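S.K.: Data file structure09.csv (CSV, C-alpha atoms and all ligand atoms) is appended below.
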chain,number,residue,atom,x,y,z
A,1,MET,CA,-1.2,-54.5,109.7
A,2,ILE,CA,0.1,-51.7,112.0
A,3,LYS,CA,-2.7,-50.3,114.3
A,4,THR,CA,-3.7,-46.8,113.4
A,5,PHE,CA,-5.9,-46.3,116.5
A,6,SER,CA,-5.2,-46.3,120.2
A,7,SER,CA,-6.8,-49.0,122.4
A,8,ARG,CA,-8.7,-46.5,124.5
A,9,ALA,CA,-12.0,-48.1,125.4
A,10,GLY,CA,-13.5,-45.2,127.3
A,11,ARG,CA,-15.7,-46.1,130.3
A,12,LEU,CA,-18.7,-47.9,128.9
A,13,SER,CA,-22.0,-47.0,130.6
A,14,PRO,CA,-24.8,-49.6,130.9
A,15,THR,CA,-26.5,-47.8,128.0
A,16,ASN,CA,-23.4,-48.0,125.9
A,17,ILE,CA,-23.2,-51.7,126.6
A,18,ALA,CA,-26.8,-52.3,125.8
A,19,PHE,CA,-26.4,-50.6,122.4
A,20,LEU,CA,-23.2,-52.5,121.7
A,21,GLU,CA,-25.0,-55.7,122.3
A,22,LYS,CA,-28.1,-54.8,120.2
A,23,GLU,CA,-28.6,-56.6,116.9
A,24,SER,CA,-29.3,-53.3,115.2
A,25,ALA,CA,-30.4,-53.3,111.6
A,26,CYS,CA,-27.7,-50.7,110.8
A,27,LEU,CA,-24.8,-53.1,111.5
A,28,LEU,CA,-22.7,-54.4,108.7
A,29,LYS,CA,-20.3,-57.3,108.6
A,30,LEU,CA,-16.8,-57.1,107.2
A,31,GLY,CA,-17.0,-55.8,103.6
A,32,GLN,CA,-20.8,-56.1,103.6
A,33,ALA,CA,-22.6,-53.6,101.2
A,34,PRO,CA,-25.3,-51.3,102.7
A,35,GLU,CA,-28.8,-51.8,101.2
A,36,THR,CA,-29.3,-48.5,99.4
A,37,ASP,CA,-29.7,-46.9,96.0
A,38,LYS,CA,-28.0,-43.7,97.2
A,39,PRO,CA,-24.3,-42.9,96.6
A,40,VAL,CA,-22.3,-44.4,99.5
A,41,VAL,CA,-20.1,-42.3,101.7
A,42,ILE,CA,-17.6,-44.1,104.0
A,43,ASP,CA,-16.7,-42.1,107.1
A,44,ILE,CA,-13.5,-43.5,108.6
A,45,GLY,CA,-13.2,-42.8,112.3
A,46,PHE,CA,-16.3,-40.9,113.3
A,47,GLY,CA,-15.1,-40.7,116.9
A,48,ASP,CA,-17.8,-39.8,119.4
A,49,SER,CA,-20.4,-39.7,116.5
A,50,GLN,CA,-21.8,-36.3,117.6
A,51,SER,CA,-21.2,-34.3,114.4
A,52,PHE,CA,-21.3,-37.5,112.3
A,53,SER,CA,-24.9,-38.0,113.3
A,54,GLU,CA,-25.8,-34.5,112.3
A,55,ASP,CA,-24.1,-35.0,109.0
A,56,VAL,CA,-26.2,-38.1,108.4
A,57,LEU,CA,-29.4,-36.1,109.0
A,58,LYS,CA,-28.3,-33.1,106.9
A,59,ASN,CA,-27.3,-35.2,103.9
A,60,PRO,CA,-30.3,-37.4,103.2
A,61,ASP,CA,-29.4,-38.0,99.6
A,62,TYR,CA,-26.3,-40.0,100.6
A,63,CYS,CA,-25.9,-43.2,102.4
A,64,PHE,CA,-23.3,-43.2,105.1
A,65,VAL,CA,-21.2,-46.2,106.2
A,66,GLY,CA,-19.6,-45.1,109.5
A,67,ILE,CA,-16.6,-47.1,110.6
A,68,GLU,CA,-15.1,-46.8,114.0
A,69,PRO,CA,-13.2,-49.2,116.3
A,70,TYR,CA,-13.7,-47.0,119.4
A,71,LYS,CA,-16.4,-48.8,121.3
A,72,LYS,CA,-17.9,-45.9,123.2
A,73,GLY,CA,-18.3,-43.8,120.0
A,74,PHE,CA,-19.7,-46.8,118.2
A,75,ALA,CA,-22.3,-47.5,120.9
A,76,ARG,CA,-23.4,-43.8,120.6
A,77,ALA,CA,-23.8,-44.1,116.8
A,78,VAL,CA,-25.9,-47.3,117.3
A,79,GLU,CA,-28.0,-45.4,119.9
A,80,PHE,CA,-28.5,-42.5,117.4
A,81,TYR,CA,-29.6,-44.9,114.7
A,82,GLU,CA,-32.1,-46.6,117.0
A,83,LYS,CA,-33.6,-43.3,118.2
A,84,ALA,CA,-33.6,-41.3,114.9
A,85,GLU,CA,-34.1,-44.3,112.5
A,86,PRO,CA,-32.3,-42.6,109.5
A,87,ASP,CA,-32.6,-44.8,106.4
A,88,ASN,CA,-29.1,-43.6,105.2
A,89,LEU,CA,-26.9,-44.9,108.0
A,90,PHE,CA,-25.0,-48.2,108.3
A,91,LEU,CA,-22.2,-49.0,110.8
A,92,PHE,CA,-19.1,-51.2,111.0
A,93,ASN,CA,-17.2,-51.6,114.3
A,94,GLY,CA,-13.6,-52.2,113.4
A,95,ASP,CA,-10.7,-51.1,111.1
A,96,ALA,CA,-11.8,-49.3,108.0
A,97,ARG,CA,-8.8,-50.7,106.0
A,98,GLU,CA,-10.0,-54.2,106.6
A,99,TYR,CA,-13.6,-53.3,105.8
A,100,ILE,CA,-12.8,-51.5,102.5
A,101,GLU,CA,-10.3,-54.3,101.5
A,102,ALA,CA,-13.1,-56.9,101.9
A,103,SER,CA,-15.8,-54.8,100.2
A,104,ASP,CA,-16.9,-55.3,96.6
A,105,TYR,CA,-19.5,-52.5,95.8
A,106,GLU,CA,-19.4,-49.0,94.5
A,107,ILE,CA,-18.0,-46.5,97.0
A,108,SER,CA,-18.5,-42.9,95.8
A,109,PHE,CA,-17.0,-40.9,98.7
A,110,ILE,CA,-14.6,-41.5,101.6
A,111,ARG,CA,-14.2,-39.0,104.4
A,112,ILE,CA,-11.4,-38.9,107.0
A,113,HIS,CA,-11.9,-36.1,109.4
A,114,PHE,CA,-9.1,-35.4,111.9
A,115,PRO,CA,-7.3,-38.8,111.7
A,116,ASP,CA,-5.2,-39.6,114.8
A,117,PRO,CA,-2.1,-37.5,114.2
A,118,TRP,CA,0.6,-39.7,115.7
A,119,PRO,CA,2.9,-36.7,116.0
A,120,LYS,CA,5.9,-38.5,117.6
A,121,LYS,CA,8.5,-39.6,115.1
A,122,LYS,CA,8.6,-43.1,116.5
A,123,HIS,CA,4.8,-43.4,115.8
A,124,THR,CA,4.6,-42.0,112.2
A,125,LYS,CA,4.1,-45.5,110.8
A,126,ARG,CA,0.8,-45.6,112.7
A,127,ARG,CA,-0.7,-42.8,110.6
A,128,LEU,CA,-3.7,-44.0,108.6
A,129,ILE,CA,-2.9,-41.9,105.5
A,130,SER,CA,0.2,-43.4,103.8
A,131,ASN,CA,1.2,-44.2,100.3
A,132,GLU,CA,0.1,-47.8,100.9
A,133,PHE,CA,-3.3,-46.7,102.1
A,134,LEU,CA,-3.9,-44.3,99.1
A,135,THR,CA,-2.9,-47.1,96.7
A,136,SER,CA,-5.3,-49.6,98.3
A,137,ILE,CA,-8.1,-47.1,98.3
A,138,TYR,CA,-7.5,-46.3,94.7
A,139,LYS,CA,-7.8,-49.9,93.7
A,140,LYS,CA,-11.2,-50.3,95.4
A,141,ILE,CA,-13.0,-47.1,94.2
A,142,ASN,CA,-14.3,-46.2,90.7
A,143,SER,CA,-13.4,-43.3,88.6
A,144,GLY,CA,-15.1,-40.2,89.8
A,145,ALA,CA,-14.9,-41.3,93.5
A,146,LYS,CA,-13.6,-38.7,96.0
A,147,LEU,CA,-11.7,-38.7,99.2
A,148,GLU,CA,-11.8,-35.9,101.7
A,149,ILE,CA,-9.2,-35.5,104.5
A,150,ILE,CA,-9.3,-32.8,107.1
A,151,THR,CA,-6.6,-32.3,109.8
A,152,ASP,CA,-5.3,-29.6,112.2
A,153,SER,CA,-2.0,-31.4,112.8
A,154,LYS,CA,0.9,-29.5,111.3
A,155,PRO,CA,3.2,-32.6,111.1
A,156,TYR,CA,0.3,-34.6,109.4
A,157,GLN,CA,-0.3,-31.7,107.0
A,158,MET,CA,3.4,-31.8,106.0
A,159,HIS,CA,3.2,-35.6,105.7
A,160,ILE,CA,0.1,-35.4,103.5
A,161,LYS,CA,1.7,-32.7,101.3
A,162,ASP,CA,4.7,-34.9,100.7
A,163,LEU,CA,2.5,-37.9,99.9
A,164,LEU,CA,0.4,-35.9,97.4
A,165,ASP,CA,3.4,-34.3,95.7
A,166,ALA,CA,4.9,-37.8,95.2
A,167,GLN,CA,1.7,-39.6,93.9
A,168,LYS,CA,0.1,-39.6,90.5
A,169,LEU,CA,-3.1,-41.6,91.4
A,170,PHE,CA,-5.4,-38.7,92.5
A,171,GLU,CA,-6.1,-35.2,91.3
A,172,VAL,CA,-6.3,-32.7,94.1
A,173,ILE,CA,-9.6,-30.7,93.7
A,174,GLU,CA,-11.8,-28.5,95.9
A,175,ALA,CA,-15.4,-29.6,95.7
A,176,PHE,CA,-16.8,-32.4,97.9
A,177,GLU,CA,-20.6,-32.8,97.9
A,178,ILE,CA,-21.2,-33.8,101.5
A,179,SER,CA,-21.5,-31.0,104.2
A,180,TYR,CA,-20.1,-31.5,107.6
A,181,GLU,CA,-20.6,-29.9,111.1
A,182,VAL,CA,-17.7,-28.9,113.3
A,183,SER,CA,-16.7,-32.1,115.1
A,184,THR,CA,-15.2,-32.6,118.6
A,185,PHE,CA,-11.6,-32.8,117.2
A,186,HIS,CA,-12.3,-29.9,114.9
A,187,HIS,CA,-13.4,-27.8,117.9
A,188,LYS,CA,-10.2,-28.8,119.8
A,189,GLY,CA,-8.1,-27.7,116.8
A,190,ILE,CA,-9.8,-24.3,116.6
A,191,LYS,CA,-9.4,-23.8,120.4
A,192,LYS,CA,-5.7,-24.5,120.1
A,193,GLY,CA,-5.5,-21.9,117.3
A,194,HIS,CA,-4.4,-24.6,114.8
A,195,SER,CA,-4.8,-24.0,111.1
A,196,ILE,CA,-7.2,-26.5,109.7
A,197,GLU,CA,-6.4,-28.0,106.3
A,198,ARG,CA,-8.7,-29.9,104.0
A,199,TYR,CA,-7.7,-32.0,101.0
A,200,VAL,CA,-10.1,-33.4,98.4
A,201,LEU,CA,-8.7,-36.1,96.1
A,202,LEU,CA,-10.5,-37.3,92.9
A,203,LYS,CA,-9.9,-40.6,91.2
A,204,ASN,CA,-9.9,-39.7,87.4
A,301,LIG,C1,-8.9,-38.0,116.3
A,301,LIG,S1,-10.3,-39.0,116.2
A,301,LIG,C2,-11.4,-38.0,115.2
A,301,LIG,C3,-12.8,-38.3,115.4
A,301,LIG,C4,-13.8,-37.5,114.5
A,301,LIG,N1,-13.7,-37.8,113.1
A,301,LIG,C5,-13.7,-36.0,114.8
A,301,LIG,O1,-13.4,-35.3,113.9
A,301,LIG,O2,-13.9,-35.6,116.0
A,301,LIG,C6,-9.8,-40.2,115.1
A,301,LIG,C7,-10.7,-41.5,115.1
A,301,LIG,O3,-10.3,-42.3,114.0
A,301,LIG,C8,-10.5,-43.7,114.5
A,301,LIG,N2,-9.6,-44.5,113.7
A,301,LIG,C9,-8.2,-44.6,113.7
A,301,LIG,N3,-7.8,-45.6,112.8
A,301,LIG,C10,-8.9,-46.1,112.2
A,301,LIG,C11,-9.1,-47.1,111.3
A,301,LIG,N4,-8.1,-47.8,110.7
A,301,LIG,N5,-10.4,-47.4,110.9
A,301,LIG,C12,-11.4,-46.7,111.5
A,301,LIG,N6,-11.3,-45.8,112.4
A,301,LIG,C13,-10.1,-45.4,112.8
A,301,LIG,C14,-10.1,-43.6,116.0
A,301,LIG,O4,-10.6,-44.7,116.7
A,301,LIG,C15,-10.6,-42.2,116.4
A,301,LIG,O5,-11.9,-42.3,116.9
In structure tokens, what does this structure look like?
Ligand SMILES: C[S@@+](CC[C@H](N)C(=O)[O-])C[C@H]1O[C@@H](n2cnc3c(N)ncnc32)[C@H](O)[C@@H]1O
M.R.:
Amino acid sequence: MIKTFSSRAGRLSPTNIAFLEKESACLLKLGQAPETDKPVVIDIGFGDSQSFSEDVLKNPDYCFVGIEPYKKGFARAVEFYEKAEPDNLFLFNGDAREYIEASDYEISFIRIHFPDPWPKKKHTKRRLISNEFLTSIYKKINSGAKLEIITDSKPYQMHIKDLLDAQKLFEVIEAFEISYEVSTFHHKGIKKGHSIERYVLLKN
């Protein structure tokens, strides 16, 4: 599997390390289902977890499974969980493709906000959103499930448009039930004057 994330670790503080080592109740194993009766939202790549944590608090009727390989961001999400104790947050530290592939429960929503753009031509294979990815997601989710993608990267937007034009699996719609705050990468995109595009895909 080609890696879709860079190996940046970020400098881990003693607090980060303590939360990474904690046997927190929010932690999931590969493919493990969260214990919840709420519709499940998988958030792929929540980054520093700042806006993600707010989204968890502002959408209490949904259960979030946050997946992030980046250790520093992951440690911050565990810290948030331990301090705020939301009953609608679970976390997996690793690659979302592997987690979803190993899962066997009902996933209602998937969010991918500002995926790593990999703008250089030689890196395009590292983009998370590909035909192969959409096909594997499609096989794992039920009818009525939705996928939301947001990006400020022009090359990624063109790439997604080409993918969507060529596929017949998903219907492109507008509505997505879960609200979101402006994230760190969203802020960066706005600051650079980029146009932000959002795509919502429905499995019929
Ligand atoms: C550009 S950052 C965006 C972070 C956040 N969503 C935001 O809007 O600020 C992309 C994140 O996706 C994560 N990522 C990349 N590939 C991933 C994968 N296969 N599974 C889970 N997370 C992934 C990266 O580690 C990175 O933190």
S.K.: Between A:Val40, A:Ala175, A:Ala25, A:Ile2, which is the closest to ligand LIG 301 (chain A) once you count all atoms listed in the file?
M.R.: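 Once distances to ligand LIG 301 (chain A) are computed over all atoms listed in the file, the minimum belongs to A:Ile2.
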S.K.: Neighbouring residues of ligand LIG 301 (chain A) are defined here as those with any atom at most 6 Å from a ligand atom, counting only C-alpha atoms and all ligand atoms; list them as a PyMOL selection string.
M.R.: chain A and resi 4-5+44-47+67-70+95-97+113-116+183-186
S.K.: Quick one: write out the picked residues with C-alpha atoms as a PDB file, in the frame of the given file?
M.R.:
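Output file selection-v4.pdb follows:
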ATOM      1  CA  THR A   4      -3.700 -46.800 113.400  1.00  0.00           C
ATOM      2  CA  PHE A   5      -5.900 -46.300 116.500  1.00  0.00           C
ATOM      3  CA  ILE A  44     -13.500 -43.500 108.600  1.00  0.00           C
ATOM      4  CA  GLY A  45     -13.200 -42.800 112.300  1.00  0.00           C
ATOM      5  CA  PHE A  46     -16.300 -40.900 113.300  1.00  0.00           C
ATOM      6  CA  GLY A  47     -15.100 -40.700 116.900  1.00  0.00           C
ATOM      7  CA  ILE A  67     -16.600 -47.100 110.600  1.00  0.00           C
ATOM      8  CA  GLU A  68     -15.100 -46.800 114.000  1.00  0.00           C
ATOM      9  CA  PRO A  69     -13.200 -49.200 116.300  1.00  0.00           C
ATOM     10  CA  TYR A  70     -13.700 -47.000 119.400  1.00  0.00           C
ATOM     11  CA  ASP A  95     -10.700 -51.100 111.100  1.00  0.00           C
ATOM     12  CA  ALA A  96     -11.800 -49.300 108.000  1.00  0.00           C
ATOM     13  CA  ARG A  97      -8.800 -50.700 106.000  1.00  0.00           C
ATOM     14  CA  HIS A 113     -11.900 -36.100 109.400  1.00  0.00           C
ATOM     15  CA  PHE A 114      -9.100 -35.400 111.900  1.00  0.00           C
ATOM     16  CA  PRO A 115      -7.300 -38.800 111.700  1.00  0.00           C
ATOM     17  CA  ASP A 116      -5.200 -39.600 114.800  1.00  0.00           C
ATOM     18  CA  SER A 183     -16.700 -32.100 115.100  1.00  0.00           C
ATOM     19  CA  THR A 184     -15.200 -32.600 118.600  1.00  0.00           C
ATOM     20  CA  PHE A 185     -11.600 -32.800 117.200  1.00  0.00           C
ATOM     21  CA  HIS A 186     -12.300 -29.900 114.900  1.00  0.00           C
TER      22      HIS A 186
END
S.K.: Around (-31.7, -46.2, 114.3) in the file's frame, which residues reach within 7 Å when counting all atoms listed in the file? Return as a list in words?
M.R.: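 Output of the proximity query reads Cys26, Val78, Glu79, Phe80, Tyr81, Glu82, Lys83, Ala84, Glu85 and Pro86 of chain A.
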S.K.: With all atoms listed in the file as the atoms that count, which of A:Asn204, A:Gln32, A:Thr151, A:Gln167 lies nearest to Ile112 (chain A)?
M.R.: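 Distance minimum relative to Ile112 (chain A) lands on A:Thr151.
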S.K.: Give me, as an MDAnalysis selection string, all polymer residues having an atom no more than 9 Å from Leu12 (chain A), counting all atoms listed in the file and skipping those fewer than 5 positions away in the same chain.
M.R.: chainID A and resid 17 71:72 75
S.K.: May I have the protein, DNA and RNA residues with an atom at most 12 Å from (-22.8, -35.7, 116.2), counting only C-alpha atoms in the file's coordinates, returned as a PyMOL selection string?
M.R.: chain A and resi 46-58+66+73-74+76-77+79-81+180-185
S.K.: By how many Å are CA of Lys22 (chain A) and CA of Gly94 (chain A) apart?
M.R.: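 These two atoms are separated by 16.2 Å.
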S.K.: Can you pull out the residues contacting region 136-146 of chain A? Cut-off 6 Å, using all atoms listed in the file, and skip same-chain residues under 2 positions away; I want them as a PDB file with C-alpha atoms, in the coordinates of the input.
M.R.:
ATOM      1  CA  ILE A 107     -18.000 -46.500  97.000  1.00  0.00           C
ATOM      2  CA  SER A 108     -18.500 -42.900  95.800  1.00  0.00           C
ATOM      3  CA  PHE A 109     -17.000 -40.900  98.700  1.00  0.00           C
ATOM      4  CA  PHE A 133      -3.300 -46.700 102.100  1.00  0.00           C
ATOM      5  CA  LEU A 134      -3.900 -44.300  99.100  1.00  0.00           C
ATOM      6  CA  LEU A 201      -8.700 -36.100  96.100  1.00  0.00           C
ATOM      7  CA  LEU A 202     -10.500 -37.300  92.900  1.00  0.00           C
ATOM      8  CA  LYS A 203      -9.900 -40.600  91.200  1.00  0.00           C
ATOM      9  CA  ASN A 204      -9.900 -39.700  87.400  1.00  0.00           C
TER      10      ASN A 204
END
S.K.: Quick check, in Å to one decimal: how far apart do CA of Ile110 (chain A) and CA of Glu23 (chain A) lie?
M.R.: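 These atoms are spaced 25.7 Å apart.
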S.K.: Nearest residue to Lys154 (chain A) out of A:Arg8, A:His194, A:Lys3, A:Arg111, using all atoms listed in the file?
M.R.: A:His194
